[in-house]
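Student: Next up is a structure, given as structure tokens.
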Amino acid sequence: MAPADALTREELICPACGHQLPSASAWPREGWACAGCEVVYRVEQGIPRLVPHDAYAGNFSFEWLRHSRTQLDGGAQTESERTFREKTGLAPDQIRGKRVLDAGCGMGRFAEVASRWGGDVTAVDLSRAVEPAWRNLSGRGNVRVYQANLFELPFREERFDVIYSIGVLHHTPHCEQAFRNLVRYLAPGGTIVIWLYAQDHGLWAKFADAYRCLTVRMPPRLLHALCHAAVPYYYVCKLPFVGRACWTVAPISMHPKAEWRVLDTFDWYSPAYQSKHTYPEVHQWFVSEGLTDITLLDTPVAVRGVKPSGAGHAR
């Protein structure tokens, strides 16, 4: 399908002023100036761009342009679907036919699952990860992809039946605020679920955070090259007795697949922002937003809740 076909299906509003925008498929090549505030938006590579650049998410642009299909399910590879089930507690019948928002889609690994389960998926990301996401998913008529900021989404409030964000909000400048903003877009009776890094006071976390003081300042290409050391170092960390000590002092991803190890290690050490949270803290966010049926899932820290039917969320 042509990219423009998907652009006609979503009503967009200007994230700067709330003025309604025409369908992105009607925007001219040079972009569309909002009639309310004159901010110019554009479509590039078939993707509506509702932000001027990828801001603090440049590391994710590099990461997902480089690893555009590493974590995508296909054939015997089903890890993303298993991860989606574990970190959301959702099943296909809770997605099928629903309007779904993937808040921080990366290269589309979870949007692929949700769309395969029959959801009508809107996937957004601040970074240029939207480019491989669109390439991976553009053949599906139930997926739209936008480059947008989670703090200034280009949609009407209470638009979505299901909102999920897996491993994203803790990489924003203010995790709690990002969550509260997402609730505005949840329809009454809808479900929202987020997964965040858990607070960890272990010695390994202290070493990792100390290294991050340096790694977040490195050029992404250099850091990514250094992360390839995780490929052989994995086998050192697997040794009896000394392996655990080595990993504690120099933590890396312990994923059994080499390419995933490089990707996950880079994903840990490169983001400009990285917050960690507890179940009581996140549970309180859900309570204060008036959500009900709050569930603490087994994979820390994953929390799911429902917006009561008939509830609204004033701007």
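Here's how to read the names in the structure tokens: chain A, B, ... by the order shown, residue numbers from 1 in each chain, ligand numbers from 1 in the order shown.
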For range 30-32 of chain A, list every protein, DNA or RNA residue within 10 Å, evaluated using only C-alpha atoms, and leave out those in the same chain fewer than 2 positions away; present the list as a ChimeraX atom specification.
Tutor: /A:21-22,24,26-28,34-35,38-44,48-49
Student: Just write the chosen residues, N, CA and C atoms, as an mmCIF file, in the first residue's frame.
Tutor:
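Contents of result37.cif, as written:
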```
data_model
loop_
_atom_site.group_PDB
_atom_site.id
_atom_site.type_symbol
_atom_site.label_atom_id
_atom_site.label_comp_id
_atom_site.auth_asym_id
_atom_site.auth_seq_id
_atom_site.Cartn_x
_atom_site.Cartn_y
_atom_site.Cartn_z
ATOM 1 N N LEU A 21 -5.907 19.828 11.963
ATOM 2 C CA LEU A 21 -5.098 19.799 10.754
ATOM 3 C C LEU A 21 -5.807 18.962 9.694
ATOM 4 N N PRO A 22 -5.562 19.250 8.428
ATOM 5 C CA PRO A 22 -6.117 18.389 7.379
ATOM 6 C C PRO A 22 -5.396 17.046 7.376
ATOM 7 N N ALA A 24 -2.952 14.269 6.646
ATOM 8 C CA ALA A 24 -1.553 14.429 6.252
ATOM 9 C C ALA A 24 -1.323 14.078 4.789
ATOM 10 N N ALA A 26 -2.909 15.173 2.434
ATOM 11 C CA ALA A 26 -3.173 16.380 1.644
ATOM 12 C C ALA A 26 -2.085 17.441 1.821
ATOM 13 N N TRP A 27 -1.132 17.204 2.705
ATOM 14 C CA TRP A 27 -0.086 18.206 2.923
ATOM 15 C C TRP A 27 0.812 18.296 1.693
ATOM 16 N N PRO A 28 1.146 19.506 1.235
ATOM 17 C CA PRO A 28 2.061 19.643 0.105
ATOM 18 C C PRO A 28 3.481 19.231 0.499
ATOM 19 N N CYS A 34 -0.034 25.251 10.094
ATOM 20 C CA CYS A 34 -1.246 25.245 10.901
ATOM 21 C C CYS A 34 -1.930 26.611 10.812
ATOM 22 N N ALA A 35 -3.231 26.606 10.567
ATOM 23 C CA ALA A 35 -3.969 27.864 10.474
ATOM 24 C C ALA A 35 -4.087 28.566 11.810
ATOM 25 N N GLU A 38 0.517 28.720 12.705
ATOM 26 C CA GLU A 38 1.445 28.822 11.586
ATOM 27 C C GLU A 38 2.694 27.955 11.723
ATOM 28 N N VAL A 39 2.696 27.027 12.680
ATOM 29 C CA VAL A 39 3.786 26.040 12.732
ATOM 30 C C VAL A 39 3.659 25.137 11.512
ATOM 31 N N VAL A 40 4.783 24.853 10.863
ATOM 32 C CA VAL A 40 4.776 24.054 9.639
ATOM 33 C C VAL A 40 5.111 22.596 9.967
ATOM 34 N N TYR A 41 4.251 21.673 9.512
ATOM 35 C CA TYR A 41 4.487 20.249 9.655
ATOM 36 C C TYR A 41 4.690 19.645 8.282
ATOM 37 N N ARG A 42 5.355 18.505 8.232
ATOM 38 C CA ARG A 42 5.723 17.935 6.935
ATOM 39 C C ARG A 42 5.522 16.416 6.948
ATOM 40 N N VAL A 43 5.520 15.855 5.757
ATOM 41 C CA VAL A 43 5.552 14.411 5.589
ATOM 42 C C VAL A 43 6.855 14.060 4.897
ATOM 43 N N GLU A 44 7.657 13.190 5.510
ATOM 44 C CA GLU A 44 8.906 12.726 4.913
ATOM 45 C C GLU A 44 8.939 11.213 4.947
ATOM 46 N N PRO A 48 4.177 11.421 8.697
ATOM 47 C CA PRO A 48 3.933 12.777 9.197
ATOM 48 C C PRO A 48 4.901 13.091 10.347
ATOM 49 N N ARG A 49 5.573 14.238 10.235
ATOM 50 C CA ARG A 49 6.545 14.639 11.254
ATOM 51 C C ARG A 49 5.938 15.806 12.029
#
```
Student: Find the residues around range 151-161 of chain A up to 7 Å (only C-alpha atoms counted), leave out those fewer than 3 positions away in its own chain, and share them as a PyMOL selection string.
Tutor: chain A and resi 11-15+98-101+148+178+181+184-187+190-191
Student: Using only N, CA and C atoms, please write the residues we just selected to a file, as a PDB file, in the first residue's frame.
Tutor:
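And here is the file that came out, again.pdb:
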```pdb
ATOM      1  N   GLU A  11      -7.546  11.553  12.312  1.00  0.00           N
ATOM      2  CA  GLU A  11      -7.781  12.987  12.473  1.00  0.00           C
ATOM      3  C   GLU A  11      -6.668  13.556  13.337  1.00  0.00           C
ATOM      4  N   LEU A  12      -5.958  14.530  12.799  1.00  0.00           N
ATOM      5  CA  LEU A  12      -4.824  15.117  13.500  1.00  0.00           C
ATOM      6  C   LEU A  12      -5.175  16.511  13.992  1.00  0.00           C
ATOM      7  N   ILE A  13      -4.539  16.895  15.109  1.00  0.00           N
ATOM      8  CA  ILE A  13      -4.638  18.274  15.575  1.00  0.00           C
ATOM      9  C   ILE A  13      -3.229  18.804  15.773  1.00  0.00           C
ATOM     10  N   CYS A  14      -3.098  20.095  15.736  1.00  0.00           N
ATOM     11  CA  CYS A  14      -1.792  20.728  15.927  1.00  0.00           C
ATOM     12  C   CYS A  14      -1.364  20.524  17.378  1.00  0.00           C
ATOM     13  N   PRO A  15      -0.215  19.903  17.625  1.00  0.00           N
ATOM     14  CA  PRO A  15       0.221  19.707  19.008  1.00  0.00           C
ATOM     15  C   PRO A  15       0.601  21.003  19.706  1.00  0.00           C
ATOM     16  N   LYS A  98      -9.705  -2.899  18.570  1.00  0.00           N
ATOM     17  CA  LYS A  98      -9.566  -1.726  19.433  1.00  0.00           C
ATOM     18  C   LYS A  98      -8.655  -0.675  18.780  1.00  0.00           C
ATOM     19  N   ARG A  99      -8.894   0.574  19.155  1.00  0.00           N
ATOM     20  CA  ARG A  99      -8.011   1.671  18.735  1.00  0.00           C
ATOM     21  C   ARG A  99      -6.841   1.707  19.720  1.00  0.00           C
ATOM     22  N   VAL A 100      -5.648   1.420  19.222  1.00  0.00           N
ATOM     23  CA  VAL A 100      -4.488   1.178  20.068  1.00  0.00           C
ATOM     24  C   VAL A 100      -3.423   2.242  19.817  1.00  0.00           C
ATOM     25  N   LEU A 101      -2.847   2.772  20.910  1.00  0.00           N
ATOM     26  CA  LEU A 101      -1.728   3.706  20.806  1.00  0.00           C
ATOM     27  C   LEU A 101      -0.477   3.037  21.353  1.00  0.00           C
ATOM     28  N   ALA A 148       6.354  12.034  16.692  1.00  0.00           N
ATOM     29  CA  ALA A 148       5.670  12.986  17.566  1.00  0.00           C
ATOM     30  C   ALA A 148       6.226  12.873  18.979  1.00  0.00           C
ATOM     31  N   ALA A 178       4.886  12.260  31.698  1.00  0.00           N
ATOM     32  CA  ALA A 178       4.615  11.596  30.422  1.00  0.00           C
ATOM     33  C   ALA A 178       3.452  10.620  30.570  1.00  0.00           C
ATOM     34  N   ASN A 181       0.131  12.481  30.916  1.00  0.00           N
ATOM     35  CA  ASN A 181      -0.295  13.028  29.632  1.00  0.00           C
ATOM     36  C   ASN A 181      -0.964  11.952  28.782  1.00  0.00           C
ATOM     37  N   ARG A 184      -4.759  11.277  29.227  1.00  0.00           N
ATOM     38  CA  ARG A 184      -5.697  12.189  28.561  1.00  0.00           C
ATOM     39  C   ARG A 184      -6.256  11.599  27.273  1.00  0.00           C
ATOM     40  N   TYR A 185      -5.482  10.726  26.621  1.00  0.00           N
ATOM     41  CA  TYR A 185      -5.872  10.193  25.317  1.00  0.00           C
ATOM     42  C   TYR A 185      -6.583   8.846  25.421  1.00  0.00           C
ATOM     43  N   LEU A 186      -6.826   8.390  26.649  1.00  0.00           N
ATOM     44  CA  LEU A 186      -7.485   7.114  26.874  1.00  0.00           C
ATOM     45  C   LEU A 186      -8.997   7.305  26.949  1.00  0.00           C
ATOM     46  N   ALA A 187      -9.719   6.540  26.164  1.00  0.00           N
ATOM     47  CA  ALA A 187     -11.185   6.624  26.165  1.00  0.00           C
ATOM     48  C   ALA A 187     -11.751   6.030  27.443  1.00  0.00           C
ATOM     49  N   GLY A 190     -11.310   2.413  28.665  1.00  0.00           N
ATOM     50  CA  GLY A 190     -10.085   1.950  28.021  1.00  0.00           C
ATOM     51  C   GLY A 190      -9.018   1.525  29.019  1.00  0.00           C
ATOM     52  N   THR A 191      -8.017   0.814  28.505  1.00  0.00           N
ATOM     53  CA  THR A 191      -6.942   0.253  29.325  1.00  0.00           C
ATOM     54  C   THR A 191      -5.617   0.908  28.970  1.00  0.00           C
TER      55      THR A 191
END
```
Student: For range 18-132 of chain A against range 262-277 of chain A, with a cut-off of 8 Å and counting only C-alpha atoms, what is the closest atom pair and its distance in Å to one decimal for every residue that makes the cut, ordered by chain and number, as CSV?
Tutor:
```
residue,atom,partner,partner_atom,distance
A:Tyr56,CA,A:Ala272,CA,6.5
A:Ala57,CA,A:Pro271,CA,7.3
A:Asn59,CA,A:Ser270,CA,6.2
A:Phe60,CA,A:Pro271,CA,7.5
A:Glu63,CA,A:Leu263,CA,7.3
A:His67,CA,A:Leu263,CA,7.3
```
Student: DSSP on the backbone, strand (DSSP E) only: what residues of range 171-209 of chain A does that give? Format it as a ChimeraX atom specification.
Tutor: /A:186-195
Student: Taking only range 173-233 of chain A into account, list the residues labelled helix (DSSP H, G or I) by DSSP (computed from the backbone), as a PyMOL selection string.
Tutor: chain A and resi 175-183+203-215+220-227+230-233
Student: Between CA of Lys257 in chain A and CA of Thr70 in chain A, what is the distance, to one decimal in Å?
Tutor: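 According to the coordinates, CA of Lys257 in chain A and CA of Thr70 in chain A are separated by 10.1 Å.
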Student: Taking into account only C-alpha atoms, which residue in the set A:Phe179, A:Phe286, A:Tyr233, A:Phe84 is nearest to Glu112 in chain A?
Tutor: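 Closest to Glu112 in chain A of all the choices is A:Phe84.
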Student: Can you work out which one of A:Val282, A:Val113, A:Ile163, A:Ala229 has the shortest atom-to-atom distance to Gly74 in chain A, counting only C-alpha atoms?
Tutor: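 Ranking A:Val282, A:Val113, A:Ile163, A:Ala229 by distance to Gly74 in chain A, first place goes to A:Val113.
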Student: Give one line per residue of range 259-304 of chain A that approaches range 192-196 of chain A to at most 8 Å, naming the two atoms of the closest pair and their distance in Å to one decimal, counting only C-alpha atoms; sort by chain then ascending residue number and deliver it as JSON lines.
Tutor:
```
{"residue": "A:Lys276", "atom": "CA", "partner": "A:Leu196", "partner_atom": "CA", "distance": 7.0}
{"residue": "A:His277", "atom": "CA", "partner": "A:Leu196", "partner_atom": "CA", "distance": 6.8}
{"residue": "A:Pro300", "atom": "CA", "partner": "A:Leu196", "partner_atom": "CA", "distance": 7.3}
{"residue": "A:Val301", "atom": "CA", "partner": "A:Leu196", "partner_atom": "CA", "distance": 5.2}
{"residue": "A:Ala302", "atom": "CA", "partner": "A:Trp195", "partner_atom": "CA", "distance": 4.2}
{"residue": "A:Val303", "atom": "CA", "partner": "A:Val193", "partner_atom": "CA", "distance": 5.6}
{"residue": "A:Arg304", "atom": "CA", "partner": "A:Val193", "partner_atom": "CA", "distance": 4.1}
```
Student: Once you have the residues from the selection above, write them out as a PDB file, in the first residue's frame, restricted to N, CA and C atoms.
Tutor:
```pdb
ATOM      1  N   LYS A 276      14.330   5.270  37.293  1.00  0.00           N
ATOM      2  CA  LYS A 276      13.950   3.950  37.786  1.00  0.00           C
ATOM      3  C   LYS A 276      12.878   4.129  38.848  1.00  0.00           C
ATOM      4  N   HIS A 277      11.980   3.139  38.958  1.00  0.00           N
ATOM      5  CA  HIS A 277      10.764   3.349  39.734  1.00  0.00           C
ATOM      6  C   HIS A 277      10.385   2.124  40.557  1.00  0.00           C
ATOM      7  N   PRO A 300       8.552  -6.561  36.904  1.00  0.00           N
ATOM      8  CA  PRO A 300       8.720  -5.196  37.445  1.00  0.00           C
ATOM      9  C   PRO A 300       9.303  -4.246  36.401  1.00  0.00           C
ATOM     10  N   VAL A 301       8.849  -2.969  36.380  1.00  0.00           N
ATOM     11  CA  VAL A 301       7.657  -2.484  37.060  1.00  0.00           C
ATOM     12  C   VAL A 301       6.593  -2.289  35.985  1.00  0.00           C
ATOM     13  N   ALA A 302       5.640  -3.213  35.909  1.00  0.00           N
ATOM     14  CA  ALA A 302       4.571  -3.147  34.915  1.00  0.00           C
ATOM     15  C   ALA A 302       3.242  -2.992  35.629  1.00  0.00           C
ATOM     16  N   VAL A 303       2.486  -1.943  35.243  1.00  0.00           N
ATOM     17  CA  VAL A 303       1.217  -1.635  35.904  1.00  0.00           C
ATOM     18  C   VAL A 303       0.163  -1.358  34.836  1.00  0.00           C
ATOM     19  N   ARG A 304      -1.045  -1.894  35.058  1.00  0.00           N
ATOM     20  CA  ARG A 304      -2.152  -1.728  34.117  1.00  0.00           C
ATOM     21  C   ARG A 304      -3.359  -1.181  34.865  1.00  0.00           C
TER      22      ARG A 304
END
```
Student: So what do you get for CA of Ser127 in chain A versus CA of Gly18 in chain A, distance-wise?
Tutor: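 It comes out at 22.1 Å.
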Student: What's the 9 Å shell around range 242-255 of chain A, counting only C-alpha atoms, without same-chain residues fewer than 2 positions away, as a ChimeraX atom specification?
Tutor: /A:202-205,207-208,211,227,230,233-240,257-266,268
Student: I'd like the neighbourhood of range 75-83 of chain A as a PDB file with N, CA and C atoms, in the first residue's frame, where a residue qualifies if any of its atoms comes within 12 Å (using only C-alpha atoms), though same-chain residues fewer than 5 positions away should be ignored.
Tutor:
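The result, written out as out.pdb:
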```pdb
ATOM      1  N   ARG A  69      15.600  -4.385  12.379  1.00  0.00           N
ATOM      2  CA  ARG A  69      14.789  -5.615  12.383  1.00  0.00           C
ATOM      3  C   ARG A  69      15.267  -6.633  13.432  1.00  0.00           C
ATOM      4  N   THR A  70      16.229  -6.247  14.252  1.00  0.00           N
ATOM      5  CA  THR A  70      16.816  -7.200  15.193  1.00  0.00           C
ATOM      6  C   THR A  70      15.764  -7.865  16.067  1.00  0.00           C
ATOM      7  N   THR A  88       2.551  -6.384  29.422  1.00  0.00           N
ATOM      8  CA  THR A  88       1.250  -5.704  29.356  1.00  0.00           C
ATOM      9  C   THR A  88       0.135  -6.525  29.986  1.00  0.00           C
ATOM     10  N   GLY A  89       0.302  -7.834  30.062  1.00  0.00           N
ATOM     11  CA  GLY A  89      -0.781  -8.694  30.550  1.00  0.00           C
ATOM     12  C   GLY A  89      -1.952  -8.754  29.593  1.00  0.00           C
ATOM     13  N   LEU A  90      -1.771  -8.286  28.372  1.00  0.00           N
ATOM     14  CA  LEU A  90      -2.850  -8.241  27.387  1.00  0.00           C
ATOM     15  C   LEU A  90      -2.844  -9.490  26.519  1.00  0.00           C
ATOM     16  N   ALA A  91      -4.018  -9.855  26.051  1.00  0.00           N
ATOM     17  CA  ALA A  91      -4.199 -10.995  25.163  1.00  0.00           C
ATOM     18  C   ALA A  91      -4.827 -10.506  23.859  1.00  0.00           C
ATOM     19  N   PRO A  92      -4.769 -11.316  22.800  1.00  0.00           N
ATOM     20  CA  PRO A  92      -5.303 -10.879  21.515  1.00  0.00           C
ATOM     21  C   PRO A  92      -6.732 -10.366  21.559  1.00  0.00           C
ATOM     22  N   MET A 107      11.340   0.666  16.537  1.00  0.00           N
ATOM     23  CA  MET A 107      11.267   0.179  15.157  1.00  0.00           C
ATOM     24  C   MET A 107      10.018  -0.654  14.909  1.00  0.00           C
ATOM     25  N   GLY A 108       9.096  -0.680  15.873  1.00  0.00           N
ATOM     26  CA  GLY A 108       7.787  -1.280  15.637  1.00  0.00           C
ATOM     27  C   GLY A 108       7.612  -2.698  16.120  1.00  0.00           C
ATOM     28  N   ARG A 109       8.487  -3.189  17.018  1.00  0.00           N
ATOM     29  CA  ARG A 109       8.403  -4.603  17.416  1.00  0.00           C
ATOM     30  C   ARG A 109       7.081  -4.933  18.104  1.00  0.00           C
ATOM     31  N   PHE A 110       6.570  -4.015  18.960  1.00  0.00           N
ATOM     32  CA  PHE A 110       5.319  -4.304  19.663  1.00  0.00           C
ATOM     33  C   PHE A 110       4.108  -3.870  18.842  1.00  0.00           C
ATOM     34  N   ALA A 111       4.258  -2.843  18.020  1.00  0.00           N
ATOM     35  CA  ALA A 111       3.176  -2.475  17.100  1.00  0.00           C
ATOM     36  C   ALA A 111       2.915  -3.611  16.121  1.00  0.00           C
ATOM     37  N   GLU A 112       3.961  -4.345  15.773  1.00  0.00           N
ATOM     38  CA  GLU A 112       3.799  -5.501  14.890  1.00  0.00           C
ATOM     39  C   GLU A 112       2.909  -6.541  15.566  1.00  0.00           C
ATOM     40  N   VAL A 113       3.145  -6.770  16.850  1.00  0.00           N
ATOM     41  CA  VAL A 113       2.340  -7.747  17.588  1.00  0.00           C
ATOM     42  C   VAL A 113       0.894  -7.281  17.690  1.00  0.00           C
ATOM     43  N   ALA A 114       0.689  -6.026  18.128  1.00  0.00           N
ATOM     44  CA  ALA A 114      -0.665  -5.503  18.326  1.00  0.00           C
ATOM     45  C   ALA A 114      -1.454  -5.476  17.021  1.00  0.00           C
ATOM     46  N   SER A 115      -0.787  -5.139  15.920  1.00  0.00           N
ATOM     47  CA  SER A 115      -1.493  -5.105  14.636  1.00  0.00           C
ATOM     48  C   SER A 115      -1.781  -6.528  14.147  1.00  0.00           C
ATOM     49  N   ARG A 116      -0.859  -7.454  14.406  1.00  0.00           N
ATOM     50  CA  ARG A 116      -1.096  -8.853  14.033  1.00  0.00           C
ATOM     51  C   ARG A 116      -2.254  -9.437  14.818  1.00  0.00           C
ATOM     52  N   TRP A 117      -2.464  -8.937  16.026  1.00  0.00           N
ATOM     53  CA  TRP A 117      -3.588  -9.386  16.852  1.00  0.00           C
ATOM     54  C   TRP A 117      -4.902  -8.713  16.461  1.00  0.00           C
ATOM     55  N   ILE A 166       6.073   0.527  26.561  1.00  0.00           N
ATOM     56  CA  ILE A 166       6.971  -0.492  27.098  1.00  0.00           C
ATOM     57  C   ILE A 166       8.409  -0.002  27.013  1.00  0.00           C
ATOM     58  N   GLY A 167       8.985   0.338  28.170  1.00  0.00           N
ATOM     59  CA  GLY A 167      10.388   0.716  28.220  1.00  0.00           C
ATOM     60  C   GLY A 167      10.705   2.052  27.592  1.00  0.00           C
ATOM     61  N   TRP A 195       5.364  -0.205  31.264  1.00  0.00           N
ATOM     62  CA  TRP A 195       6.455  -0.951  31.878  1.00  0.00           C
ATOM     63  C   TRP A 195       7.660  -0.029  31.988  1.00  0.00           C
ATOM     64  N   HIS A 255      21.653 -11.290  27.113  1.00  0.00           N
ATOM     65  CA  HIS A 255      20.808 -11.973  26.136  1.00  0.00           C
ATOM     66  C   HIS A 255      21.648 -13.007  25.391  1.00  0.00           C
ATOM     67  N   LYS A 257      21.534 -14.063  22.389  1.00  0.00           N
ATOM     68  CA  LYS A 257      21.846 -13.724  20.992  1.00  0.00           C
ATOM     69  C   LYS A 257      22.802 -12.538  20.952  1.00  0.00           C
ATOM     70  N   TRP A 260      21.466  -9.051  19.896  1.00  0.00           N
ATOM     71  CA  TRP A 260      20.599  -8.497  20.936  1.00  0.00           C
ATOM     72  C   TRP A 260      21.432  -7.970  22.101  1.00  0.00           C
ATOM     73  N   ASP A 298       3.621  -9.224  36.983  1.00  0.00           N
ATOM     74  CA  ASP A 298       4.741  -9.936  37.598  1.00  0.00           C
ATOM     75  C   ASP A 298       6.105  -9.426  37.146  1.00  0.00           C
ATOM     76  N   THR A 299       6.169  -8.723  36.016  1.00  0.00           N
ATOM     77  CA  THR A 299       7.439  -8.231  35.491  1.00  0.00           C
ATOM     78  C   THR A 299       7.652  -6.798  35.944  1.00  0.00           C
ATOM     79  N   ALA A 302       5.640  -3.213  35.909  1.00  0.00           N
ATOM     80  CA  ALA A 302       4.571  -3.147  34.915  1.00  0.00           C
ATOM     81  C   ALA A 302       3.242  -2.992  35.629  1.00  0.00           C
TER      82      ALA A 302
END
```
Student: I'd like the neighbourhood of Val143 in chain A as a ChimeraX atom specification, where a residue qualifies if any of its atoms comes within 9 Å (using only C-alpha atoms), though same-chain residues fewer than 5 positions away should be ignored.
Tutor: /A:6,111-112,115,119-123,134,137-138
